[in-house]
Every structure is written in structure tokens, then in C-alpha cells.
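Student: One file: data.txt (compact mmCIF, C-alpha atoms).
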```
# COMPACT_ATOMS: atom_id res chain seq x y z
CA MET A 1084 36.56 -47.68 35.92
CA ALA A 1085 33.08 -49.28 36.12
CA LYS A 1086 30.45 -48.01 33.69
CA ARG A 1087 27.62 -45.99 35.19
CA ASP A 1088 23.96 -46.75 34.63
CA TYR A 1089 22.74 -44.90 31.52
CA TYR A 1090 19.74 -43.40 33.32
CA GLU A 1091 22.09 -42.17 36.04
CA VAL A 1092 24.40 -40.65 33.41
CA LEU A 1093 21.59 -38.59 31.89
CA GLY A 1094 19.98 -37.91 35.28
CA VAL A 1095 16.53 -39.19 34.28
CA PRO A 1096 14.26 -41.83 35.88
CA LYS A 1097 13.89 -45.25 34.29
CA GLY A 1098 10.42 -44.44 33.00
CA ALA A 1099 11.51 -41.14 31.39
CA SER A 1100 9.91 -40.17 28.07
CA LEU A 1101 11.92 -39.64 24.89
CA ASP A 1102 11.47 -35.87 25.20
CA GLU A 1103 12.87 -35.96 28.75
CA ILE A 1104 15.85 -37.99 27.54
CA LYS A 1105 16.51 -35.57 24.68
CA LYS A 1106 16.26 -32.58 27.01
CA ALA A 1107 18.66 -34.13 29.53
CA TYR A 1108 21.17 -35.06 26.84
CA ARG A 1109 21.06 -31.61 25.26
CA LYS A 1110 21.88 -30.03 28.61
CA LEU A 1111 24.86 -32.34 29.19
CA ALA A 1112 26.14 -32.06 25.62
CA ILE A 1113 26.22 -28.27 25.85
CA GLN A 1114 27.76 -28.36 29.34
CA TYR A 1115 30.59 -30.71 28.33
CA HIS A 1116 30.96 -29.32 24.80
CA PRO A 1117 34.65 -30.02 23.88
CA ASP A 1118 34.95 -26.61 22.26
CA LYS A 1119 33.89 -24.97 25.53
CA ASN A 1120 36.24 -27.22 27.52
CA ALA A 1121 39.35 -27.25 25.35
CA GLY A 1122 42.01 -29.54 26.82
CA ASN A 1123 39.70 -30.79 29.57
CA GLN A 1124 39.97 -34.57 29.36
CA GLU A 1125 37.34 -35.11 32.05
CA ALA A 1126 34.76 -33.01 30.15
CA GLU A 1127 35.47 -34.93 26.95
CA GLU A 1128 34.97 -38.26 28.73
CA LYS A 1129 31.67 -37.09 30.22
CA PHE A 1130 30.54 -35.96 26.80
CA LYS A 1131 31.33 -39.36 25.34
CA GLU A 1132 29.61 -41.05 28.28
CA SER A 1133 26.40 -39.04 27.87
CA THR A 1134 26.47 -39.62 24.10
CA GLU A 1135 26.71 -43.36 24.62
CA ALA A 1136 23.83 -43.26 27.10
CA TYR A 1137 21.68 -41.25 24.72
CA GLU A 1138 22.47 -43.59 21.81
CA VAL A 1139 20.96 -46.47 23.75
CA LEU A 1140 18.05 -44.83 25.57
CA ALA A 1141 16.82 -42.90 22.51
CA ASP A 1142 16.53 -46.12 20.48
CA PRO A 1143 13.42 -48.15 21.52
CA LYS A 1144 14.99 -51.55 20.70
CA LYS A 1145 18.29 -50.81 22.42
CA ARG A 1146 16.51 -49.33 25.42
CA GLN A 1147 14.32 -52.43 25.80
CA ALA A 1148 17.37 -54.69 25.62
CA TYR A 1149 19.22 -52.53 28.14
CA ASP A 1150 16.27 -52.48 30.54
CA GLN A 1151 16.06 -56.30 30.43
CA PHE A 1152 19.71 -57.34 30.37
CA GLY A 1153 21.77 -54.27 31.28
CA PHE A 1154 25.00 -53.56 29.42
CA ALA A 1155 25.16 -57.14 28.18
CA GLY A 1156 21.95 -56.59 26.24
CA VAL A 1157 23.44 -53.85 24.08
CA GLU A 1158 27.04 -55.04 23.64
CA GLY A 1159 26.36 -56.27 20.15
CA LEU A 1160 24.28 -53.26 19.10
CA GLY A 1161 27.06 -50.72 18.64
CA SER A 1162 26.83 -49.02 22.02
CA SER A 1163 29.55 -50.39 24.27
CA GLY A 1164 32.50 -51.18 22.04
CA GLY A 1165 34.02 -47.71 22.26
CA ALA A 1166 33.24 -46.74 18.64
CA HIS A 1167 29.81 -45.17 18.25
CA ASP A 1168 27.44 -44.92 15.31
CA PHE A 1169 27.12 -41.13 15.45
CA SER A 1170 24.88 -40.98 12.39
CA SER A 1171 22.33 -42.91 14.44
CA VAL A 1172 22.88 -40.82 17.56
CA PHE A 1173 22.38 -37.53 15.79
CA ARG A 1174 19.79 -38.48 13.21
CA ASP A 1175 17.39 -36.21 15.06
CA PHE A 1176 20.14 -33.79 16.10
CA GLU A 1177 18.37 -30.73 14.69
CA ASP A 1178 15.31 -31.60 16.74
CA ILE A 1179 17.45 -31.76 19.88
CA PHE A 1180 19.80 -28.84 19.38
CA GLY A 1181 17.92 -26.41 17.13
CA ASP A 1182 20.45 -23.69 16.23
CA PHE A 1183 23.31 -26.04 17.14
CA SER A 1184 22.40 -28.33 14.23
CA GLY A 1185 25.61 -27.40 12.40
CA ILE A 1186 27.60 -29.33 15.01
CA PHE A 1187 28.81 -32.79 13.89
CA ASP A 1188 27.62 -32.28 10.31
CA SER A 1189 31.16 -33.05 9.13
CA PHE A 1190 30.57 -36.66 10.25
CA PHE A 1191 27.56 -37.07 7.94
CA GLY A 1192 28.67 -35.67 4.62
CA GLY A 1193 28.70 -32.01 5.68
CA GLY A 1194 31.43 -29.59 4.78
CA GLY A 1195 30.57 -29.34 1.11
CA ARG A 1196 30.54 -26.02 -0.64
CA ARG A 1197 27.59 -23.87 0.40
CA ARG A 1198 25.90 -21.74 -2.20
CA SER A 1199 26.81 -18.13 -1.60
CA SER A 1200 23.96 -15.82 -0.66
CA ARG A 1201 25.41 -13.33 -3.15
CA ASP A 1202 24.67 -15.87 -5.88
CA SER A 1203 21.14 -16.64 -4.74
CA VAL A 1204 18.14 -14.79 -6.10
CA ARG A 1205 16.09 -13.41 -3.23
CA ARG A 1206 12.71 -11.73 -3.19
CA GLY A 1207 12.57 -8.28 -1.64
CA ALA A 1208 10.89 -7.61 1.70
CA ASP A 1209 7.24 -6.55 1.92
CA LEU A 1210 6.39 -3.05 3.13
CA ARG A 1211 3.50 -1.73 5.22
CA TYR A 1212 1.92 1.71 4.82
CA ASN A 1213 -0.64 3.03 7.32
CA LEU A 1214 -3.18 5.25 5.55
CA GLU A 1215 -5.78 7.42 7.29
CA ILE A 1216 -8.87 8.52 5.35
CA THR A 1217 -12.10 10.35 6.14
CA PHE A 1218 -15.47 8.70 6.69
CA GLU A 1219 -16.75 10.04 3.35
CA GLU A 1220 -13.66 8.77 1.50
CA ALA A 1221 -14.27 5.32 2.94
CA VAL A 1222 -17.92 5.40 1.85
CA PHE A 1223 -17.44 6.62 -1.72
CA GLY A 1224 -13.84 5.60 -2.44
CA THR A 1225 -11.00 7.88 -3.38
CA LYS A 1226 -7.49 8.05 -4.81
CA LYS A 1227 -4.53 8.82 -2.59
CA GLU A 1228 -0.90 9.59 -3.33
CA LEU A 1229 1.49 7.70 -1.06
CA SER A 1230 5.01 8.93 -0.34
CA PHE A 1231 7.51 6.56 1.28
CA SER A 1232 11.15 5.45 1.19
CA LYS A 1233 12.26 2.02 0.03
CA ASN A 1234 15.28 0.19 -1.38
CA HIS A 1235 15.75 0.23 -5.14
CA SER A 1236 18.39 -1.56 -7.19
CA CYS A 1237 21.44 0.68 -7.27
CA SER A 1238 21.35 2.81 -10.40
CA ALA A 1239 25.16 2.89 -10.62
CA CYS A 1240 25.93 -0.83 -10.44
CA LYS A 1241 22.51 -2.16 -11.52
CA GLY A 1242 22.27 -4.15 -8.32
CA THR A 1243 25.55 -6.06 -8.71
CA GLY A 1244 27.28 -4.25 -5.83
CA THR A 1245 30.51 -3.83 -7.82
CA GLU A 1246 32.07 -1.05 -9.85
CA SER A 1247 31.90 -1.40 -13.61
CA GLY A 1248 34.43 -3.89 -14.94
CA SER A 1249 35.09 -5.56 -11.60
CA GLY A 1250 33.58 -8.68 -10.15
CA LYS A 1251 33.79 -11.11 -7.26
CA LYS A 1252 36.55 -13.36 -6.02
CA VAL A 1253 36.38 -16.53 -3.98
CA CYS A 1254 37.08 -15.95 -0.30
CA SER A 1255 40.51 -17.41 0.49
CA THR A 1256 39.59 -18.08 4.11
CA CYS A 1257 36.67 -20.46 3.44
CA ASN A 1258 37.38 -21.26 -0.23
CA GLY A 1259 33.87 -20.18 -1.22
CA SER A 1260 32.00 -22.37 1.25
CA GLY A 1261 30.99 -19.46 3.48
CA GLN A 1262 31.90 -21.55 6.54
CA VAL A 1263 34.94 -22.21 8.67
CA ARG A 1264 35.35 -25.24 10.92
CA ARG A 1265 36.99 -25.79 14.24
CA SER A 1266 37.74 -29.29 15.49
CA SER A 1267 38.43 -30.71 18.91
CA GLY A 1268 39.09 -34.42 18.78
CA PHE A 1269 36.11 -36.03 17.08
CA PHE A 1270 34.01 -32.88 17.54
CA SER A 1271 33.60 -30.34 14.72
CA ILE A 1272 31.82 -26.98 14.65
CA ALA A 1273 30.87 -24.96 11.56
CA SER A 1274 30.40 -21.20 11.78
CA PRO A 1275 30.01 -18.35 9.25
CA CYS A 1276 33.29 -17.23 7.73
CA PRO A 1277 34.45 -14.02 9.48
CA THR A 1278 36.18 -12.75 6.34
CA CYS A 1279 33.24 -12.85 3.93
CA ASN A 1280 30.45 -12.94 6.55
CA GLY A 1281 29.28 -16.29 5.24
CA GLU A 1282 28.89 -15.12 1.63
CA GLY A 1283 31.70 -17.22 0.14
CA TYR A 1284 32.85 -14.35 -2.06
CA LEU A 1285 34.43 -10.94 -1.70
CA LEU A 1286 33.81 -7.96 -3.98
CA GLU A 1287 36.95 -6.91 -5.81
CA ASN A 1288 35.85 -3.28 -6.08
CA PRO A 1289 32.61 -2.46 -4.21
CA CYS A 1290 30.28 0.09 -5.77
CA ARG A 1291 30.96 3.50 -4.24
CA GLN A 1292 27.33 4.57 -4.49
CA CYS A 1293 25.76 1.65 -2.62
CA GLY A 1294 28.78 0.38 -0.68
CA GLY A 1295 28.50 -3.05 -2.28
CA THR A 1296 24.95 -3.78 -1.17
CA GLY A 1297 23.48 -3.39 -4.65
CA LEU A 1298 20.70 -1.27 -3.14
CA GLU A 1299 20.04 2.42 -2.64
CA ARG A 1300 17.36 4.18 -0.61
CA LYS A 1301 14.99 6.44 -2.55
CA ARG A 1302 11.78 8.31 -1.93
CA GLN A 1303 8.87 7.07 -4.00
CA LYS A 1304 5.42 8.42 -4.76
CA LEU A 1305 2.60 6.11 -5.72
CA LYS A 1306 -1.11 6.58 -6.39
CA VAL A 1307 -3.48 4.04 -4.89
CA THR A 1308 -7.21 3.60 -5.47
CA ILE A 1309 -9.34 3.18 -2.34
CA PRO A 1310 -12.51 1.25 -3.25
CA PRO A 1311 -15.95 2.40 -1.99
CA GLY A 1312 -17.12 0.72 1.19
CA ILE A 1313 -13.70 0.05 2.73
CA GLU A 1314 -13.47 0.11 6.52
CA THR A 1315 -10.86 0.29 9.24
CA GLY A 1316 -8.51 -2.71 9.36
CA LYS A 1317 -8.81 -3.62 5.69
CA ARG A 1318 -5.64 -3.73 3.61
CA ILE A 1319 -4.87 -3.17 -0.04
CA ASN A 1320 -2.14 -5.27 -1.65
CA ILE A 1321 -0.02 -3.55 -4.32
CA PRO A 1322 2.22 -6.20 -5.92
CA GLN A 1323 5.94 -5.58 -6.48
CA GLN A 1324 6.00 -2.18 -4.81
CA GLY A 1325 7.98 -3.34 -1.76
CA GLU A 1326 11.74 -3.52 -1.26
CA ALA A 1327 13.93 -4.45 -4.24
CA GLY A 1328 15.05 -8.06 -4.55
CA MET A 1329 18.65 -9.28 -4.40
CA ASN A 1330 20.58 -10.50 -7.42
CA GLY A 1331 17.72 -9.92 -9.81
CA GLY A 1332 15.07 -11.27 -7.49
CA PRO A 1333 11.55 -9.82 -7.66
CA PRO A 1334 10.57 -6.96 -5.34
CA GLY A 1335 8.28 -7.52 -2.40
CA ASP A 1336 4.72 -6.23 -2.11
CA LEU A 1337 3.31 -3.08 -0.54
CA TYR A 1338 0.44 -3.50 1.93
CA VAL A 1339 -1.68 -0.42 2.61
CA TYR A 1340 -3.58 -0.69 5.91
CA VAL A 1341 -6.61 1.62 6.09
CA SER A 1342 -7.80 3.54 9.15
CA VAL A 1343 -11.04 5.56 8.90
CA HIS A 1344 -11.65 8.70 10.94
CA PRO A 1345 -14.99 8.83 12.80
CA HIS A 1346 -17.76 11.06 11.43
CA GLU A 1347 -19.26 13.97 13.32
CA HIS A 1348 -22.85 12.71 12.99
CA PHE A 1349 -22.85 9.20 11.54
CA GLU A 1350 -21.75 5.83 12.88
CA ARG A 1351 -21.19 2.71 10.84
CA ASP A 1352 -22.08 -0.94 11.33
CA GLY A 1353 -21.03 -2.97 8.30
CA THR A 1354 -22.82 -1.36 5.36
CA ASP A 1355 -25.44 0.40 7.51
CA ILE A 1356 -25.32 3.97 8.84
CA TYR A 1357 -26.83 5.16 12.12
CA CYS A 1358 -27.60 8.63 13.37
CA VAL A 1359 -29.76 10.36 16.02
CA ILE A 1360 -32.32 13.03 15.10
CA PRO A 1361 -33.80 15.23 17.88
CA ILE A 1362 -37.45 16.33 17.67
CA SER A 1363 -39.70 18.26 20.06
CA ILE A 1364 -42.49 16.86 22.26
CA THR A 1365 -45.02 18.61 20.02
CA GLN A 1366 -43.59 17.03 16.86
CA ALA A 1367 -43.52 13.61 18.51
CA SER A 1368 -47.09 13.99 19.76
CA LEU A 1369 -48.74 15.49 16.68
CA GLY A 1370 -46.52 13.96 14.04
CA THR A 1371 -44.66 15.91 11.38
CA ASP A 1372 -42.44 15.74 8.33
CA ILE A 1373 -38.72 16.40 8.74
CA TYR A 1374 -35.85 16.54 6.26
CA VAL A 1375 -32.77 14.42 7.02
CA THR A 1376 -29.35 14.88 5.37
CA THR A 1377 -27.86 11.56 4.19
CA ILE A 1378 -24.19 10.66 3.77
CA ASP A 1379 -24.60 11.65 0.09
CA ASP A 1380 -25.55 15.16 1.29
CA LYS A 1381 -29.11 14.65 0.01
CA LYS A 1382 -32.18 16.04 1.77
CA VAL A 1383 -34.62 13.17 2.31
CA LYS A 1384 -38.18 13.74 3.58
CA VAL A 1385 -39.00 11.55 6.59
CA LYS A 1386 -42.50 11.22 8.04
CA ILE A 1387 -42.69 11.21 11.86
CA PRO A 1388 -45.93 9.46 12.87
CA ALA A 1389 -48.13 11.04 15.56
CA GLY A 1390 -47.35 9.61 18.99
CA THR A 1391 -43.75 8.70 18.13
CA GLN A 1392 -41.94 7.53 21.24
CA ASN A 1393 -38.42 8.45 22.32
CA GLY A 1394 -35.87 5.95 20.93
CA LYS A 1395 -37.99 4.83 17.96
CA VAL A 1396 -35.85 3.81 14.97
CA LEU A 1397 -36.81 4.61 11.38
CA ARG A 1398 -35.14 3.11 8.32
CA LEU A 1399 -34.19 4.70 5.00
CA ARG A 1400 -33.49 1.95 2.48
CA ASN A 1401 -30.38 2.07 0.26
CA GLU A 1402 -29.01 5.20 1.93
CA GLY A 1403 -26.15 3.41 3.65
CA ILE A 1404 -22.66 2.41 2.55
CA PRO A 1405 -21.82 0.63 -0.73
CA TYR A 1406 -20.79 -3.01 -0.49
CA LEU A 1407 -17.01 -3.30 -0.76
CA HIS A 1408 -17.01 -5.58 -3.82
CA ASN A 1409 -20.34 -4.48 -5.27
CA ALA A 1410 -20.76 -0.69 -5.28
CA ASN A 1411 -24.21 -1.04 -6.90
CA ARG A 1412 -25.58 -2.41 -3.62
CA ARG A 1413 -25.88 -0.28 -0.53
CA GLY A 1414 -26.83 -0.74 3.07
CA ASP A 1415 -29.54 1.23 4.87
CA MET A 1416 -29.63 4.35 7.01
CA TYR A 1417 -31.22 4.10 10.47
CA ILE A 1418 -32.55 7.14 12.31
CA LYS A 1419 -33.06 7.00 16.04
CA ILE A 1420 -35.57 9.54 17.33
CA LEU A 1421 -34.61 11.57 20.38
CA VAL A 1422 -37.59 13.41 21.90
CA GLU A 1423 -36.25 16.53 23.58
CA VAL A 1424 -37.94 17.75 26.75
CA PRO A 1425 -37.80 21.54 27.11
CA THR A 1426 -35.96 22.79 30.18
CA ARG A 1427 -37.45 26.28 30.12
CA LEU A 1428 -41.18 26.99 29.69
CA SER A 1429 -43.16 30.21 29.56
CA SER A 1430 -46.20 30.62 31.81
CA LYS A 1431 -48.49 30.10 28.85
CA ALA A 1432 -46.68 26.90 27.84
CA LYS A 1433 -46.91 25.58 31.40
CA ASN A 1434 -50.65 26.25 31.52
CA LEU A 1435 -51.17 24.49 28.20
CA LEU A 1436 -49.20 21.43 29.32
CA GLN A 1437 -51.08 21.36 32.63
CA GLU A 1438 -54.37 21.45 30.76
CA LEU A 1439 -53.13 18.63 28.51
CA ALA A 1440 -52.15 16.53 31.54
CA GLU A 1441 -55.62 16.98 33.08
CA MET A 1442 -57.29 16.01 29.82
CA HIS A 1443 -55.28 12.75 29.72
CA GLY A 1444 -55.86 12.03 33.39
CA GLU A 1445 -52.18 11.84 34.20
CA LYS A 1446 -51.46 10.72 37.78
CA ASP A 1447 -48.57 11.20 40.20
CA ASN A 1448 -48.23 7.46 40.83
CA PRO A 1449 -47.62 5.81 37.42
CA LYS A 1450 -47.71 2.01 37.19
CA PRO A 1451 -44.30 0.37 36.52
CA ILE A 1452 -43.80 -1.38 33.17
CA ARG A 1453 -41.64 -4.48 32.64
CA LEU A 1454 -38.45 -3.70 30.76
CA SER A 1455 -39.14 -6.52 28.30
CA GLU A 1456 -42.35 -4.77 27.22
CA LEU A 1457 -40.30 -1.85 25.89
CA ARG A 1458 -38.15 -3.99 23.66
```
What is this structure when it is put down as C-alpha cells?
Tutor:
Amino acid sequence: MAKRDYYEVLGVPKGASLDEIKKAYRKLAIQYHPDKNAGNQEAEEKFKESTEAYEVLADPKKRQAYDQFGFAGVEGLGSSGGAHDFSSVFRDFEDIFGDFSGIFDSFFGGGGRRRSSRDSVRRGADLRYNLEITFEEAVFGTKKELSFSKNHSCSACKGTGTESGSGKKVCSTCNGSGQVRRSSGFFSIASPCPTCNGEGYLLENPCRQCGGTGLERKRQKLKVTIPPGIETGKRINIPQQGEAGMNGGPPGDLYVYVSVHPHEHFERDGTDIYCVIPISITQASLGTDIYVTTIDDKKVKVKIPAGTQNGKVLRLRNEGIPYLHNANRRGDMYIKILVEVPTRLSSKAKNLLQELAEMHGEKDNPKPIRLSELR
């Protein structure tokens, strides 16, 4: 039977990129996978045909020779003699097949004993704790007691997973490799051993308390210090307070994510605090002294100048929030003045305001002011 053009075999145009060639070959290799087509001679031949085509077109030198001279150009390069250099074909196999990278590894020195995961020291998983605190606690710092469940090393077996006096035995199915192999012709597939779940060993007498895992779930309480100035979204890292490690491995870390409740009167912007203070028209016009309560619950005297306009902002230095990493420094407190217009007036008050309006020559047709002039 005459050989088909390699580009035709892979179903790609002559100017196809290497990525297009890899993608086309991957699709064909999975489709005609000998393990999926056991006993199907036609599928095996198509797999070999696509492999041969890929071997040539994925190699720049071979591809150039093939493009110039056809099959004659690659006869001496290990592509058309029937025996293929699979180590060359699948040098970038993991890049092509991803999770299928275990396929063919028996051709390239694979099949050796795999280290059992029961023997490997593994760090424990990290944990996340979501902590809600008040606005004042965020400003001044606090201490909180956390309560959560996590895995500890089993107290009965000390994390070994076995009853006292017993141990582990090599899995007879995979002989400790943790893998079993199935072959179809020249094709070999490695998969986790179904007997030991890929561990390579079996427990002779699993611990009754932890079921052989070496871990047990316990409730834990832990005190954590919240520094002054913390804000929503910040996290606190507590080393080695996460899940227990495996086989003597170190525990993971605990990450405490902080969420701050809003305050009834204050708002925050970085280390600064903002609030709104209402005053009367009389106070705004004549000026006055008022007393403002800060976040520290202090009464601070604030002078309102005569003729203060609605929306004016006054600043109180160092009455804001401490800097997160320098509690000796603080932001400022900003007070926005809200001039309240009375909705109910007595006859006497109306007469007085009317007299005031006449004195100032107020008119019914005020002149517009550009918005930029108010900024």
C-alpha cells in the first residue's frame, strides 16, 4: 500500500506551525490509542502512521528534507525504515499530552520503583480563618480567641497510621512501585496501583483511631493579636498552625483574614477618619465653639469661624488611625460641616429672618455661579 503524504496523515496544511502539528498528532494518537482499540489492527496501523508523520514534521531538519525531496529525503534519517526512534518522537511528549505523559515512559527508562507517598515527608495544608472585628478594634488593636477544627497527628499512632508493633508491607500487586502497567504491542500505559492506591505499601494493621491516615480531627483554640491600624482585607500569618504534616512533615500555616464592621458615625480612608457635624444657620453665621467626640472618645473643642459655609471641611491633626506598622504615628480627623436649615419657624423667627434678608439686600433672582468656583 502506497504511503500517504505526512501532512495529509495529520490533516494539517503544508505551512502548519509546530503547535498545529502537535495538536493534530495528539488528537490522532488519542483516537487510535491501542489501549482504546484493543485488537483493532487498522487503528494500530493508523497510530503508527501518524507517529511516523509526527516524527518527521516535528523535526525542523527532517521536515525541510521532506518538503524538498519527499520520502526519499528522510529515508536515511530514521523515519521510513519501519523502526522508529521513539525517544526522539516523544522527547516533548509531556508538552503534547499533559496528563498522558506516563504513556510510553517504559521505552525511555521508566518503570523504575517510585518512592511511596507514605515514605515522603509532606508539609501540611494551610488554613484560612475569616475574622470580623469592630471599627474600634481595628483602630486600637485587640486580642481575639479563634476556635477552629484542623488535623493533628494521631495521638494513638503518633502519625504512623499503624497500630503499635505493626508496620508496612510492600504491595504484592505493584512490588512497591505504586504503578501497574498494561501493554498492547509496543504501547505501554502506567496507572496507579488499584491495590495500594499508588502508595507502594499496605499497612499491616491500620490504627483503629485514625483509620490508617495518621491524622485525627480536633477542635483548637488559639489567641491572636490584632495590631492597631489594621483594615479590611489584611491578613495575619500564624506559622505552623495549619493542618498537620504527613510522615513527620511540618504543619502548614494559618492565615487570618480581617473584615472590619462599619462605624455608626465615622468613615475611614487609609489612616484618616471622616465624619459630618451638623450646625445651625445661626452658628454658621455668627461662629461658635463646638465639642467633637473623637474615635478615642475624647471631647475636642473645635472653633467654627463666623460665616462658615455648608460643606466646609475642618481638620484635627493626629486624631485619626494609627499607622499599621508604627502605632506612634496617626492620621488626621476631618470634619465636614453640614449647615441645617430649619423646616419649622415661629412668627418671630420669620420676621427676624425677613429683616435680615432686607438688610443684606437679598434678591429673588440670584446670579448663577460656576461650579468650579465652589471647589
Student: Would you compute the distance between atom CA of Pro1405 of chain A and atom CA of Ile1356 of chain A? Give it in Å to one decimal.
Tutor: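 Rounded to one decimal, the two atoms are 10.7 Å apart.
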Student: What's the separation between atom CA of Cys1240 of chain A and atom CA of Asn1330 of chain A, in Å to one decimal place?
Tutor: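 Computing the Euclidean distance for atom CA of Cys1240 of chain A and atom CA of Asn1330 of chain A yields 11.5 Å.
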Student: Using only C-alpha atoms, which residue out of A:Gly1224, A:Gly1297, A:Pro1289, A:Gly1335 lies closest to Pro1311 of chain A?
Tutor: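 Closest candidate: A:Gly1224.
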Student: Give as a ChimeraX atom specification the set of residues within 12 Å of the point (-46.6, 12.5, 15.5), where distances use the file's coordinates and only C-alpha atoms.
Tutor: /A:1362-1373,1385-1393,1395,1420,1422
Student: Include C-alpha atoms and write out the residues we just selected as a PDB file, in the frame of the given file.
Tutor:
```pdb
ATOM      1  CA  ILE A1362     -37.450  16.330  17.670  1.00  0.00           C
ATOM      2  CA  SER A1363     -39.700  18.260  20.060  1.00  0.00           C
ATOM      3  CA  ILE A1364     -42.490  16.860  22.260  1.00  0.00           C
ATOM      4  CA  THR A1365     -45.020  18.610  20.020  1.00  0.00           C
ATOM      5  CA  GLN A1366     -43.590  17.030  16.860  1.00  0.00           C
ATOM      6  CA  ALA A1367     -43.520  13.610  18.510  1.00  0.00           C
ATOM      7  CA  SER A1368     -47.090  13.990  19.760  1.00  0.00           C
ATOM      8  CA  LEU A1369     -48.740  15.490  16.680  1.00  0.00           C
ATOM      9  CA  GLY A1370     -46.520  13.960  14.040  1.00  0.00           C
ATOM     10  CA  THR A1371     -44.660  15.910  11.380  1.00  0.00           C
ATOM     11  CA  ASP A1372     -42.440  15.740   8.330  1.00  0.00           C
ATOM     12  CA  ILE A1373     -38.720  16.400   8.740  1.00  0.00           C
ATOM     13  CA  VAL A1385     -39.000  11.550   6.590  1.00  0.00           C
ATOM     14  CA  LYS A1386     -42.500  11.220   8.040  1.00  0.00           C
ATOM     15  CA  ILE A1387     -42.690  11.210  11.860  1.00  0.00           C
ATOM     16  CA  PRO A1388     -45.930   9.460  12.870  1.00  0.00           C
ATOM     17  CA  ALA A1389     -48.130  11.040  15.560  1.00  0.00           C
ATOM     18  CA  GLY A1390     -47.350   9.610  18.990  1.00  0.00           C
ATOM     19  CA  THR A1391     -43.750   8.700  18.130  1.00  0.00           C
ATOM     20  CA  GLN A1392     -41.940   7.530  21.240  1.00  0.00           C
ATOM     21  CA  ASN A1393     -38.420   8.450  22.320  1.00  0.00           C
ATOM     22  CA  LYS A1395     -37.990   4.830  17.960  1.00  0.00           C
ATOM     23  CA  ILE A1420     -35.570   9.540  17.330  1.00  0.00           C
ATOM     24  CA  VAL A1422     -37.590  13.410  21.900  1.00  0.00           C
TER      25      VAL A1422
END
```
Student: At what distance in Å, to one decimal, does atom CA of Cys1293 of chain A lie from atom CA of Lys1251 of chain A?
Tutor: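 Separating atom CA of Lys1251 of chain A from atom CA of Cys1293 of chain A is a distance of 15.8 Å.
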Student: Near Ile1313 of chain A, within 10 Å and counting only C-alpha atoms, which residues show up once chain neighbours fewer than 4 positions away are dropped, as a PDB file with C-alpha atoms, in the frame of the given file?
Tutor:
```pdb
ATOM      1  CA  PHE A1218     -15.470   8.700   6.690  1.00  0.00           C
ATOM      2  CA  GLU A1220     -13.660   8.770   1.500  1.00  0.00           C
ATOM      3  CA  ALA A1221     -14.270   5.320   2.940  1.00  0.00           C
ATOM      4  CA  VAL A1222     -17.920   5.400   1.850  1.00  0.00           C
ATOM      5  CA  PHE A1223     -17.440   6.620  -1.720  1.00  0.00           C
ATOM      6  CA  GLY A1224     -13.840   5.600  -2.440  1.00  0.00           C
ATOM      7  CA  ILE A1309      -9.340   3.180  -2.340  1.00  0.00           C
ATOM      8  CA  LYS A1317      -8.810  -3.620   5.690  1.00  0.00           C
ATOM      9  CA  ARG A1318      -5.640  -3.730   3.610  1.00  0.00           C
ATOM     10  CA  ILE A1319      -4.870  -3.170  -0.040  1.00  0.00           C
ATOM     11  CA  VAL A1341      -6.610   1.620   6.090  1.00  0.00           C
ATOM     12  CA  SER A1342      -7.800   3.540   9.150  1.00  0.00           C
ATOM     13  CA  VAL A1343     -11.040   5.560   8.900  1.00  0.00           C
ATOM     14  CA  GLY A1353     -21.030  -2.970   8.300  1.00  0.00           C
ATOM     15  CA  THR A1354     -22.820  -1.360   5.360  1.00  0.00           C
ATOM     16  CA  ILE A1404     -22.660   2.410   2.550  1.00  0.00           C
ATOM     17  CA  PRO A1405     -21.820   0.630  -0.730  1.00  0.00           C
ATOM     18  CA  TYR A1406     -20.790  -3.010  -0.490  1.00  0.00           C
ATOM     19  CA  LEU A1407     -17.010  -3.300  -0.760  1.00  0.00           C
ATOM     20  CA  HIS A1408     -17.010  -5.580  -3.820  1.00  0.00           C
TER      21      HIS A1408
END
```
Student: Which residue is closest to Glu1314 of chain A? Choose from A:Ile1216, A:Ile1452, A:Val1375, A:Cys1290 and count only C-alpha atoms.
Tutor: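 Going through A:Ile1216, A:Ile1452, A:Val1375, A:Cys1290 one by one, the smallest distance to Glu1314 of chain A is for A:Ile1216.
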Student: Axis-aligned box over every listed atom of segment 1399-1416 of chain A, padded by 8 Å per side: centre and edges in Å to one decimal, as lines of an AutoDock Vina configuration file?
Tutor:
```
center_x = -25.6
center_y = -0.2
center_z = 0.1
size_x = 33.2
size_y = 26.8
size_z = 29.9
```
Student: Which polymer residues have any atom within 12 Å of an atom of Tyr1089 of chain A, counting all atoms listed in the file, with same-chain residues fewer than 5 positions away left out, as a list in words?
Tutor: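 Here the answer would be Gly1094, Val1095, Pro1096, Lys1097, Ala1099, Ile1104, Ala1107, Tyr1108, Lys1129, Lys1131, Glu1132, Ser1133, Thr1134, Glu1135, Ala1136, Tyr1137, Glu1138, Val1139, Leu1140, Ala1141, Lys1145, Arg1146, Tyr1149, Asp1150, Gly1153, Phe1154, Val1157, Ser1162 and Ser1163 of chain A.
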Student: Which of these residues is nearest to Lys1241 of chain A, using all atoms listed in the file: A:Gly1414, A:Gly1331, A:Gly1444, A:Gly1259?
Tutor: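 Smallest distance to Lys1241 of chain A is found for A:Gly1331.
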Student: Any idea what's packed within 9 Å of Ser1274 of chain A, counting only C-alpha atoms, ignoring anything in its chain fewer than 5 positions away? Could you give it as a list in words?
Tutor: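 That gives Gly1185, Gly1261, Gln1262, Val1263, Arg1264, Arg1265 and Gly1281 of chain A.
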Student: Looking at A:Asn1434, A:Ser1232, A:Glu1219, A:Thr1308, which one is nearest to Pro1345 of chain A, with distances taken over only C-alpha atoms?
Tutor: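 Going through A:Asn1434, A:Ser1232, A:Glu1219, A:Thr1308 one by one, the smallest distance to Pro1345 of chain A is for A:Glu1219.
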Student: Which one is closest to Glu1347 of chain A: A:Val1396, A:Ile1378, A:Leu1286, A:Leu1305? Count all atoms listed in the file.
Tutor: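 Of A:Val1396, A:Ile1378, A:Leu1286, A:Leu1305, the one nearest Glu1347 of chain A is A:Ile1378, counting all atoms listed in the file.
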Student: Any idea what's packed within 12 Å of Thr1377 of chain A, counting all atoms listed in the file, ignoring anything in its chain fewer than 6 positions away? Could you give it as a list in words?
Tutor: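 These residues fall inside the cut-off: Glu1219, Val1222, His1348, Phe1349, Asp1355, Ile1356, Tyr1357, Cys1358, Ile1360, Val1383, Lys1384, Val1385, Arg1398, Leu1399, Arg1400, Asn1401, Glu1402, Gly1403, Ile1404, Asp1415, Met1416, Tyr1417 and Ile1418 of chain A.
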